[in-house]
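Enquirer: Have a look at this one.
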2 protein chains.
Amino acid sequence: MTTLQNDCFIRALLRQPVDRAPVWMMRQAGRYLPEYRKVRGQAGNFLNLCMNPELACEVTMQPLERFRLDAAILFSDILTIPDAMGLGLYFSEGEGPKFERPIRSPKDIANLPVPDPELSLSYVTDAVRLIRKTLDGRVPLIGFSGSPWTLATYMVEGGSSKTFGKVKGLMYNDPEQMHLLLEKIADSVILYLNAQIAAGAQAVMLFDTWGGVLTPEDYQTFSLRYAQRIREGLNLNHEGQKIPAVLFTKGGGQWLEAMAETGYDALGLDWTTNIGSARQRVGDRVALQGNLDPATLYAKPEIIQRQVKYTLEQYGSASSGHVFNLGHGITPDVPPEHAEAMIEAVHKYSPAYYSGS
Amino acid sequence: MTTLQNDCFIRALLRQPVDRAPVWMMRQAGRYLPEYRKVRGQAGNFLNLCMNPELACEVTMQPLERFRLDAAILFSDILTIPDAMGLGLYFSEGEGPKFERPIRSPKDIANLPVPDPELSLSYVTDAVRLIRKTLDGRVPLIGFSGSPWTLATYMVEGGSSKTFGKVKGLMYNDPEQMHLLLEKIADSVILYLNAQIAAGAQAVMLFDTWGGVLTPEDYQTFSLRYAQRIREGLNLNHEGQKIPAVLFTKGGGQWLEAMAETGYDALGLDWTTNIGSARQRVGDRVALQGNLDPATLYAKPEIIQRQVKYTLEQYGSASSGHVFNLGHGITPDVPPEHAEAMIEAVHKYSPAYYSGS
């Protein structure tokens, strides 16, 4: 294996000394980049792009050519697992992801397979191998998956939802079936992330995009419990390297203490929590990744710089433990120069907070 | 003025002794009721319904005919103020509210009038007077307004938004203009709520639907500050009666302590916070209104009862201070019998927690 030329992202997640905050952006390979839109146009649609390892590799690399980023993230979608389970993922213009065959009955749950990633998700592991080869040790590659709860919302609703009526109806009326479904998804996620690690992912992240729509009790029972199960099933030592694992629940700011107990190395933080308060609450149990409001990137570059500085200042002096990121994915209509202003501001201002290291 | 036959809602908000938790539902007059859909059909569209005092009164009364509710809430929309400011509110099918003339420049902000409610919002005060007359003291009537921040999001975005890019762009790039806009809206809300009180509203509620999309710092500066300004401008003593004021920020669970310092009598609570923890955090400074997950109403009646019991148990023993409600509005596809199961469960189970009073 190639030695990493820049390992500050991995070190910060593992809370090993670094001399500045590493930085990357959720959805950094995405529609805000004209070069991405060009490749997506060639691919015909989003799913073709995800399922073609060469194109997925190409768009994964694009933001690294533009910006001084400290990590690459696999270009893919969180709904690859349900698609591999046979639900028939498709994207209808302007309406987001949909499934042709959503979960409607206990029989549907009983019949769901736990996909073997090297068979039915080989386009993902192939992409991981190709991206690793292309990166050639420049920065680490992050693999990821949606969380069981988040995947279940799409699988039961048949797509996006505002009310989560179907999936919560199942959860409240038939918790046993809901747990069967979540177990199957969790087992699939474990195989999937371990396959990404075996293929070369150097860190993994679990995206619990919809954990924040639950009550505190239901969050623990139907989301966090499965994040924990996944953590326990992950092979986080690969070829002598420790693979950091990050857990991100959007809207999970009230539950950081519980999240910090699950054994993940780091927590992703959205922008509704002050990162300094979050640091106090989780102590040295986990690193933190975040948490600039993605909408800050609609502001002028000097305002973006000021907000980056504020976030760093709130995290405070450190020898490690902070990965700078947005609090959620970068939005499609942000000018790339604004992303650059953020990234450069992290490079410029963060070393001052690490002078003690 | 007629004496109230049932004042337990008012008493619970003012933390005066009651013998059970009062109950009402946000959006209790709404699409989940077939009789509402009938009147809306007659009105032609939603705005006509809001702007016709007789029809607004009719739908306000509908849920009271079906259920044992302890309060009525004025049937109206949060966007009546910006419409009265001249922005041209309309509803396009399936896309929610829109404005014909959204705020685009400092000139637009400078030109915004502060509407005199008795002139340009008389359809609202007329509805309040008619509903009070129709209620004839049965239960109290709640008046309401959107919060300045929430109204500003629609006024600047021109409608609903996922990213809040335009309004946050304005907030970050030109906070001075943002404050001018929020001040103007706050002054309008004060006049509007005071006019509702003068017309007969016996409690008022400020809906900060989008406060939860802000950072903690921006929430304080751009939302809570104006909620406080409004609180200070309200005439909460009317004809010898104290008018309780409720502040609700959806997604505000992390900021309850700050919200409890603003002088509102009660805080609305969404379902992402445990109401027992919330009670500990706010102490006896405010009453709490909430907080059953609205999606609970997709479950079977026996599950709804169990969840109501759980919420009451979490709030715990009390002599007052809890108004039972959903954590957000009831959703259009809920069977009315499920709403009834919730309301009846509050009547059945809550007195046990008030035995000490």
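By convention here, the chains of the structure tokens are called A, B, ... in the order presented, each chain's residues are numbered starting at 1, and ligands are numbered starting at 1 in the order presented.
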Using only C-alpha atoms, I'd like a table of the residues in chain B that come within 6 Å of chain A; for each, show the closest atom pair and its distance in Å rounded to one decimal, ordered by chain and ascending number, as a tab-separated table.
Expert:
residue	atom	partner	partner_atom	distance
B:Gly165	CA	A:Ala295	CA	5.6
B:Gly169	CA	A:Ala299	CA	5.1
B:Tyr172	CA	A:Ala299	CA	5.8
B:Asn173	CA	A:Ala299	CA	5.5
B:Thr215	CA	A:Thr272	CA	4.5
B:Pro216	CA	A:Thr272	CA	5.8
B:Trp271	CA	A:Thr215	CA	5.5
B:Thr272	CA	A:Thr215	CA	4.5
B:Ala295	CA	A:Gly165	CA	5.6
B:Tyr298	CA	A:Gly169	CA	5.1
B:Ala299	CA	A:Gly169	CA	5.1
Enquirer: Residues near Pro82 (chain A), anyone? I mean within 8 Å using only C-alpha atoms, not counting same-chain ones fewer than 4 positions away, as a list in words.
Expert: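 Answer for this query is Gly86, Leu87, Gly88, Leu89, Leu151 and Met155 of chain A.
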Enquirer: Can I get the selected residues back with C-alpha atoms, as a short mmCIF file (atom, residue, chain, number, x, y, z; two decimals), in the first residue's frame?
Expert:
data_model
loop_
_atom_site.label_atom_id
_atom_site.label_comp_id
_atom_site.auth_asym_id
_atom_site.auth_seq_id
_atom_site.Cartn_x
_atom_site.Cartn_y
_atom_site.Cartn_z
CA GLY A 86 -34.06 -5.38 -5.34
CA LEU A 87 -36.22 -2.34 -4.59
CA GLY A 88 -35.52 -0.70 -7.95
CA LEU A 89 -34.01 2.72 -7.31
CA LEU A 151 -32.38 3.79 4.48
CA MET A 155 -37.51 1.89 1.60
#
Enquirer: Please return, as number ranges by chain, all residues of region 113-255 of chain B that DSSP assigns to strand (DSSP E or B) on the basis of the backbone.
Expert: B: 141-146, 159, 203-208, 237-238, 241-242, 245-249
Enquirer: Within region 71-310 of chain A, find each residue whose DSSP state, derived from the backbone, is helix (DSSP H, G or I), and express the selection as number ranges by chain.
Expert: A: 80-87, 106-111, 117-120, 122-135, 148-157, 165-173, 175-199, 211-213, 216-233, 253-260, 275-282, 294-298, 301-310
Enquirer: Record the distance separating CA of Leu121 (chain A) and CA of Asn325 (chain A), expressed in Å with one decimal.
Expert: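 Rounded to one decimal, the two atoms are 28.1 Å apart.
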Enquirer: Hey, what's within 9 Å of His347 (chain A) if we count only C-alpha atoms and toss same-chain stuff fewer than 6 positions away? As a VMD selection string, please?
Expert: chain A and resid 20 to 23 68
Enquirer: Skipping near chain neighbours, those fewer than 5 positions away, what residues fall within 10 Å of Gly30 (chain B) using only C-alpha atoms, listed as an MDAnalysis selection string?
Expert: chainID B and resid 35:37 40 59:60 62:63 75 329:332
Enquirer: Out of B:Arg31, B:Arg306, B:Arg129, B:His322, which residue has the shortest atom-to-atom distance to Gly290 (chain B) when counting only C-alpha atoms?
Expert: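 Smallest distance to Gly290 (chain B) is found for B:His322.
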Enquirer: Mind pulling up the distance from CA of Ser277 (chain B) to CA of Met259 (chain B)?
Expert: 15.0 Å
Enquirer: Pick from B:Gly283, B:Pro53, B:Pro97, B:Pro351: nearest to Ile131 (chain B), with only C-alpha atoms counted?
Expert: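 Ranking B:Gly283, B:Pro53, B:Pro97, B:Pro351 by distance to Ile131 (chain B), first place goes to B:Pro53.
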Enquirer: Excluding same-chain residues fewer than 5 positions from Val308 (chain A), what lies within 9 Å of it counting only C-alpha atoms, as an MDAnalysis selection string?
Expert: chainID A and resid 292 303 313 324 342:343 345:346 349
Enquirer: Using only C-alpha atoms, which residues sit within 10 Å of Leu49 (chain A) once same-chain residues fewer than 4 positions away are excluded, as a PyMOL selection string?
Expert: chain A and resi 39-45+53-59+75-76
Enquirer: Please write the residues from the selection above to a file, keeping C-alpha atoms, as a compact mmCIF listing (two decimals), in the first residue's frame.
Expert:
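What ended up in again-v8.txt:
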# COMPACT_ATOMS: atom_id res chain seq x y z
CA VAL A 39 -19.62 14.49 -16.62
CA ARG A 40 -23.12 13.97 -15.30
CA GLY A 41 -24.46 15.21 -18.61
CA GLN A 42 -22.28 12.64 -20.41
CA ALA A 43 -23.43 9.88 -18.06
CA GLY A 44 -27.06 10.66 -18.92
CA ASN A 45 -28.26 10.54 -15.34
CA PRO A 53 -16.49 3.24 -11.66
CA GLU A 54 -14.46 5.32 -14.15
CA LEU A 55 -16.90 8.23 -14.08
CA ALA A 56 -17.39 7.93 -10.29
CA CYS A 57 -13.62 8.11 -9.93
CA GLU A 58 -13.42 11.09 -12.26
CA VAL A 59 -15.95 13.16 -10.31
CA PHE A 75 -18.84 9.40 -5.20
CA SER A 76 -21.94 7.31 -4.66
Enquirer: Could you check how far CA of Gly94 (chain B) sits from CA of Tyr154 (chain A), in Å to one decimal?
Expert: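 Here the two named atoms are 20.6 Å from each other.
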